[in-house]
Amino acid sequence: MTEKRQFRAIKGTRDILPPDSSLWNWFERAAREVFESYNFREIRLPIFEETDLFARSIGADTDVVGKEMYTFEDRDESSISLRPEATASVVRAYIEHGMHTLPGNVKLYYIGPMFRRERPQKGRYRQFYQIGAEVLGQSDAPAIDAEVLEMLVVLFKRAGLALITLSVNSIGCKQCRPKYVEVLRQELLKVKDKLGADSQRRIETNPLRVLDSKLPEEQPIIETLPRISDHLCAACRQHFSELKDELNLRGIAYEENWRLVRGLDYYTRTTFEVTAEGLGSQNAVCGGGRYDGLVELLGGHPTKGIGFAIGSDRAILSIQEGGQAPKMPGLGVFVAWMSAATYPAAVRIARKLRECGIAVELPPEAMKFKKSLGLADKLGARYALIIGEDEVTSGTYTLKRLADAEQKKLNENDLLEYLESERRGSGA
Ligand code: ATP
Ligand code: MG
C-alpha cells in the first residue's frame, strides 16, 4: 500500500483563493483598461527562456541572476530559467519579431508570474506576480517617461492605492555616468573602513549600488557622498528637467530621490519607484526606468526603451490594508426549487438569468424550503428566487431580497428586467 501523505504548496508560493482572487481580477482588469486607454497592447510571453537571456540582460553578477534564479537543465542539456522578470523577454520578442518596423513607438504590457528564490516573508514570495509595461522605439522624449508615470499614477488612484509616493531620479548616460561613478568610487574609498562588507565589495564591482544600501549605520555616510545630479551632462540635465516640467504639467506629485539607482550599464537617465504605506519594509510596489542600451545589448538595432513592473502581490496587500478594496459582486440569485415538478422551470430560469450576466446558484438536489433559504443566506446571495408548484402553474416567480426579506411576485419578463436594472444600479 502506498503511504498516505498530504501535499502543501512549495515554500514561497501560495494559492490565491476566492474571494481574494476576485480582487486580483479586478486589479488586473483595471490595469488592462488603464493601459489600453494609453494605447498599450498586451504581449503574452513564455514563462521560461534561455538562461543566457537573463544573464545578459539582468547581469550575471546581480543577486537576481547569481543567487535567485530557478535554473535547470532541459532534456537536451540546454540551460533554461524561469523568468525572474519580463523586460528581457519583451525585448527578445521585440527583436525576434522585427517590431522596430512597426509605426510609432511600440507600447506593450504584460501580466503574469515571476520567480525568484528569495527568503519568503510578507510581500516577498518565490512565485510573485507583476504587471509591467514597456515603450520601445526611436524616441526618448521626456514626454514618454512622463506619460508612463501618469499612467501608473492613474492606475494606482483608480485602484484606491491612496498613500503612494512616486520617487524619480536621473542616473545619466554613457557620457556622464562613468565620470560620476569614478568620483563616487574615490569618495567611497576614503570611507571604506566605515562601510559594511557588501558595500566594501561594491566599491570595486558596482559603486552605484552602495547608494541602495539599507544598513542603518551606513546612512549618515551615504548622505555625504557626491550626488549624480551635480554630475549630469547638459543633455541629461535637460532631459531630467523637461521630465519634471512634464510631470508638473500633468499634475503628478513626485519626490526626487538621488539614491534611486540601477546598477547596470544599459540603464540611462530616468529611474523611478513607487512606494506605498503600510507594507513594512517591502514597501516598493513598482520600479522602473529607462534602458536605452538594452535592445542593442540583446542583438537588436539601437533602440530607446522605458518600462516598469508593478508587484501585484504588494499592490493588492496595500489595497486591502488601506481598506480601499471595492465590494465585489457576489452571488446574485439562489434558485430555491423544492420538488421534481418545479425542477424543469428552475433549470430554465437559471439559464436565462445567467445569460443576462447574473451569478446564479441552482442547487443540484431538491431541498426543503427552510434549508434552501438558509443556504442562500450563507452563500451571501442577494436574492432567493422561490419556485413552488403554484409559481409554475401561474407563471410567476417569487423574488425575495435576503437583506430585508422583501418579496415581489413577478412574471418572467418583469423578473429579468428588474434583476438587470438592479444589477446595473449596484454596479455588480
Ligand atoms: P525589492 O527591492 O523589494 O526586492 P526589486 O528591486 O527586486 O524589489 P524589481 O525587480 O524592480 O524589484 O521588481 C518590481 C516590483 O516587483 C517590486 O517593486 C516589487 O513590488 C515586486 N517584487 C520584486 N520581487 C518580489 C518578490 N520576491 N515578491 C513579491 N514582489 C516582488
Ligand atoms: Mg529584490
# chains A, B, ... in the order shown; residues from 1 in each chain; ligands from 1

call {"tool": "select_by_dssp", "arguments": {"residues": "stretch 36-275 of chain A", "states": "alpha helix (DSSP H)", "output": "PyMOL selection string"}}
result
chain A and resi 36-37+51-58+63-66+87-96+142-158+177-190+197-205+219-223+234-249

call {"tool": "closest_atom_pairs", "arguments": {"of": "chain A", "to": "ligand 2", "cutoff": "9 Å", "atoms": "only C-alpha atoms and all ligand atoms", "output": "tab-separated table"}}
result
residue	atom	partner	partner_atom_place_in_ligand_line	distance
A:Asp63	CA	ligand 2	1 (Mg)	8.1
A:Val64	CA	ligand 2	1 (Mg)	7.2
A:Arg116	CA	ligand 2	1 (Mg)	8.5
A:Glu118	CA	ligand 2	1 (Mg)	8.0
A:Arg124	CA	ligand 2	1 (Mg)	8.6

call {"tool": "closest_residue", "arguments": {"among": "A:Tyr110, A:Tyr254, A:Tyr125, A:Phe48", "to": "A:Val153", "atoms": "only C-alpha atoms"}}
result
A:Tyr254

call {"tool": "residues_near_ligand", "arguments": {"ligand": "ligand 1", "cutoff": "8 Å", "atoms": "only C-alpha atoms and all ligand atoms", "output": "JSON, numbers by chain"}}
result
{"A": [64, 84, 85, 115, 116, 117, 118, 119, 120, 123, 124, 125, 126, 127, 128, 129, 130, 273, 274, 275, 282, 283, 284, 285, 286, 287, 288, 308, 309, 310, 311, 312, 313, 314, 315]}

call {"tool": "atom_distance", "arguments": {"atom1": "atom CA of A:Ser22", "atom2": "atom CA of A:Leu375"}}
result
21.6 Å

call {"tool": "closest_residue", "arguments": {"among": "A:Gln320, A:Ser372, A:Gln238, A:Thr62", "to": "A:Gly278", "atoms": "only C-alpha atoms"}}
result
A:Gln320

call {"tool": "closest_residue", "arguments": {"among": "A:Ile306, A:Cys173, A:Ile111, A:Leu161", "to": "A:Ala141", "atoms": "only C-alpha atoms"}}
result
A:Ile306

call {"tool": "atom_distance", "arguments": {"atom1": "atom CA of A:Ala336", "atom2": "atom CA of A:Ala384"}}
result
6.3 Å

call {"tool": "select_by_dssp", "arguments": {"residues": "stretch 107-318 of chain A", "states": "strand (DSSP E)", "output": "PyMOL selection string"}}
result
chain A and resi 107-115+127-137+164-170+255-256+268-276+284-290+304-311

call {"tool": "residues_around", "arguments": {"residues": "stretch 208-216 of chain A", "least_positions_apart": "4", "cutoff": "7 Å", "atoms": "only C-alpha atoms", "output": "PDB file with all heavy atoms, in the first residue's frame"}}
result
ATOM      1  N   VAL A 181      30.600  57.851 -11.506  1.00  0.00           N
ATOM      2  CA  VAL A 181      30.909  56.613 -10.778  1.00  0.00           C
ATOM      3  C   VAL A 181      32.347  56.648 -10.274  1.00  0.00           C
ATOM      4  O   VAL A 181      32.643  56.224  -9.158  1.00  0.00           O
ATOM      5  CB  VAL A 181      30.648  55.376 -11.677  1.00  0.00           C
ATOM      6  CG1 VAL A 181      31.180  54.103 -11.029  1.00  0.00           C
ATOM      7  CG2 VAL A 181      29.155  55.221 -11.957  1.00  0.00           C
ATOM      8  N   SER A 199      28.951  46.678   0.935  1.00  0.00           N
ATOM      9  CA  SER A 199      29.292  47.957   0.314  1.00  0.00           C
ATOM     10  C   SER A 199      30.771  48.027  -0.032  1.00  0.00           C
ATOM     11  O   SER A 199      31.156  48.566  -1.068  1.00  0.00           O
ATOM     12  CB  SER A 199      28.907  49.112   1.245  1.00  0.00           C
ATOM     13  OG  SER A 199      27.501  49.190   1.348  1.00  0.00           O
ATOM     14  N   ARG A 202      31.213  46.391  -3.162  1.00  0.00           N
ATOM     15  CA  ARG A 202      30.614  47.119  -4.291  1.00  0.00           C
ATOM     16  C   ARG A 202      31.441  48.328  -4.731  1.00  0.00           C
ATOM     17  O   ARG A 202      31.248  48.819  -5.844  1.00  0.00           O
ATOM     18  CB  ARG A 202      29.189  47.548  -3.931  1.00  0.00           C
ATOM     19  CG  ARG A 202      28.267  46.349  -3.971  1.00  0.00           C
ATOM     20  CD  ARG A 202      26.852  46.683  -3.597  1.00  0.00           C
ATOM     21  NE  ARG A 202      26.032  45.468  -3.709  1.00  0.00           N
ATOM     22  CZ  ARG A 202      25.065  45.128  -2.885  1.00  0.00           C
ATOM     23  NH1 ARG A 202      24.764  45.916  -1.861  1.00  0.00           N
ATOM     24  NH2 ARG A 202      24.380  44.022  -3.054  1.00  0.00           N
ATOM     25  N   ILE A 222      26.439  57.748   3.587  1.00  0.00           N
ATOM     26  CA  ILE A 222      25.919  57.861   2.216  1.00  0.00           C
ATOM     27  C   ILE A 222      25.392  59.271   1.963  1.00  0.00           C
ATOM     28  O   ILE A 222      25.575  59.826   0.871  1.00  0.00           O
ATOM     29  CB  ILE A 222      24.837  56.785   1.970  1.00  0.00           C
ATOM     30  CG1 ILE A 222      25.479  55.404   1.977  1.00  0.00           C
ATOM     31  CG2 ILE A 222      24.111  57.033   0.645  1.00  0.00           C
ATOM     32  CD1 ILE A 222      24.520  54.236   1.928  1.00  0.00           C
ATOM     33  N   ARG A 259      19.202  58.786  -4.609  1.00  0.00           N
ATOM     34  CA  ARG A 259      19.773  57.460  -4.339  1.00  0.00           C
ATOM     35  C   ARG A 259      19.077  56.339  -5.101  1.00  0.00           C
ATOM     36  O   ARG A 259      19.399  55.173  -4.937  1.00  0.00           O
ATOM     37  CB  ARG A 259      19.739  57.186  -2.841  1.00  0.00           C
ATOM     38  CG  ARG A 259      20.733  58.060  -2.099  1.00  0.00           C
ATOM     39  CD  ARG A 259      20.637  57.891  -0.606  1.00  0.00           C
ATOM     40  NE  ARG A 259      20.764  56.501  -0.211  1.00  0.00           N
ATOM     41  CZ  ARG A 259      20.710  56.092   1.051  1.00  0.00           C
ATOM     42  NH1 ARG A 259      20.540  56.993   2.021  1.00  0.00           N
ATOM     43  NH2 ARG A 259      20.822  54.819   1.344  1.00  0.00           N
ATOM     44  N   VAL A 261      18.906  54.199  -7.891  1.00  0.00           N
ATOM     45  CA  VAL A 261      19.820  53.861  -8.988  1.00  0.00           C
ATOM     46  C   VAL A 261      19.487  52.494  -9.573  1.00  0.00           C
ATOM     47  O   VAL A 261      18.736  51.722  -8.999  1.00  0.00           O
ATOM     48  CB  VAL A 261      21.288  53.833  -8.521  1.00  0.00           C
ATOM     49  CG1 VAL A 261      21.722  55.213  -8.090  1.00  0.00           C
ATOM     50  CG2 VAL A 261      21.479  52.823  -7.402  1.00  0.00           C
ATOM     51  N   GLY A 263      21.868  49.384 -11.272  1.00  0.00           N
ATOM     52  CA  GLY A 263      23.294  49.082 -11.328  1.00  0.00           C
ATOM     53  C   GLY A 263      23.860  48.823 -12.711  1.00  0.00           C
ATOM     54  O   GLY A 263      25.065  48.826 -12.879  1.00  0.00           O
TER      55      GLY A 263
END

call {"tool": "atom_distance", "arguments": {"atom1": "atom CA of A:Met338", "atom2": "atom CA of A:Cys356"}}
result
23.9 Å

call {"tool": "closest_residue", "arguments": {"among": "A:Leu243, A:Leu410, A:Ala276, A:Ala350", "to": "A:Glu256", "atoms": "only C-alpha atoms"}}
result
A:Leu243

call {"tool": "residues_around", "arguments": {"residues": "A:Gly160", "least_positions_apart": "2", "cutoff": "8 Å", "atoms": "only C-alpha atoms", "output": "list of chain:residue names"}}
result
A:Phe156, A:Lys157, A:Arg158, A:Ala162, A:Ile319, A:Gln324, A:Ala325

call {"tool": "residues_around", "arguments": {"residues": "A:Cys233", "least_positions_apart": "3", "cutoff": "8 Å", "atoms": "only C-alpha atoms", "output": "PyMOL selection string"}}
result
chain A and resi 172+175-176+236-237

call {"tool": "write_last_selection", "arguments": {"atoms": "N, CA and C atoms", "output": "PDB file, in the first residue's frame"}}
result
ATOM      1  N   GLY A 172      21.855  59.596 -15.499  1.00  0.00           N
ATOM      2  CA  GLY A 172      22.798  59.986 -16.533  1.00  0.00           C
ATOM      3  C   GLY A 172      22.905  58.988 -17.666  1.00  0.00           C
ATOM      4  N   GLN A 175      27.845  59.018 -21.389  1.00  0.00           N
ATOM      5  CA  GLN A 175      28.828  60.090 -21.325  1.00  0.00           C
ATOM      6  C   GLN A 175      29.143  60.495 -19.884  1.00  0.00           C
ATOM      7  N   CYS A 176      28.088  60.764 -19.116  1.00  0.00           N
ATOM      8  CA  CYS A 176      28.341  61.363 -17.801  1.00  0.00           C
ATOM      9  C   CYS A 176      28.410  60.378 -16.641  1.00  0.00           C
ATOM     10  N   CYS A 236      21.574  65.282 -20.356  1.00  0.00           N
ATOM     11  CA  CYS A 236      20.839  64.531 -19.323  1.00  0.00           C
ATOM     12  C   CYS A 236      20.156  65.496 -18.361  1.00  0.00           C
ATOM     13  N   ARG A 237      20.853  66.587 -18.043  1.00  0.00           N
ATOM     14  CA  ARG A 237      20.257  67.567 -17.131  1.00  0.00           C
ATOM     15  C   ARG A 237      18.985  68.126 -17.762  1.00  0.00           C
TER      16      ARG A 237
END

call {"tool": "closest_residue", "arguments": {"among": "A:Ile316, A:Ala253, A:Ala403, A:Ala340", "to": "A:Ile16", "atoms": "only C-alpha atoms"}}
result
A:Ile316

call {"tool": "closest_residue", "arguments": {"among": "A:Arg290, A:Lys194, A:Lys408, A:Lys371", "to": "A:Thr271", "atoms": "only C-alpha atoms"}}
result
A:Arg290
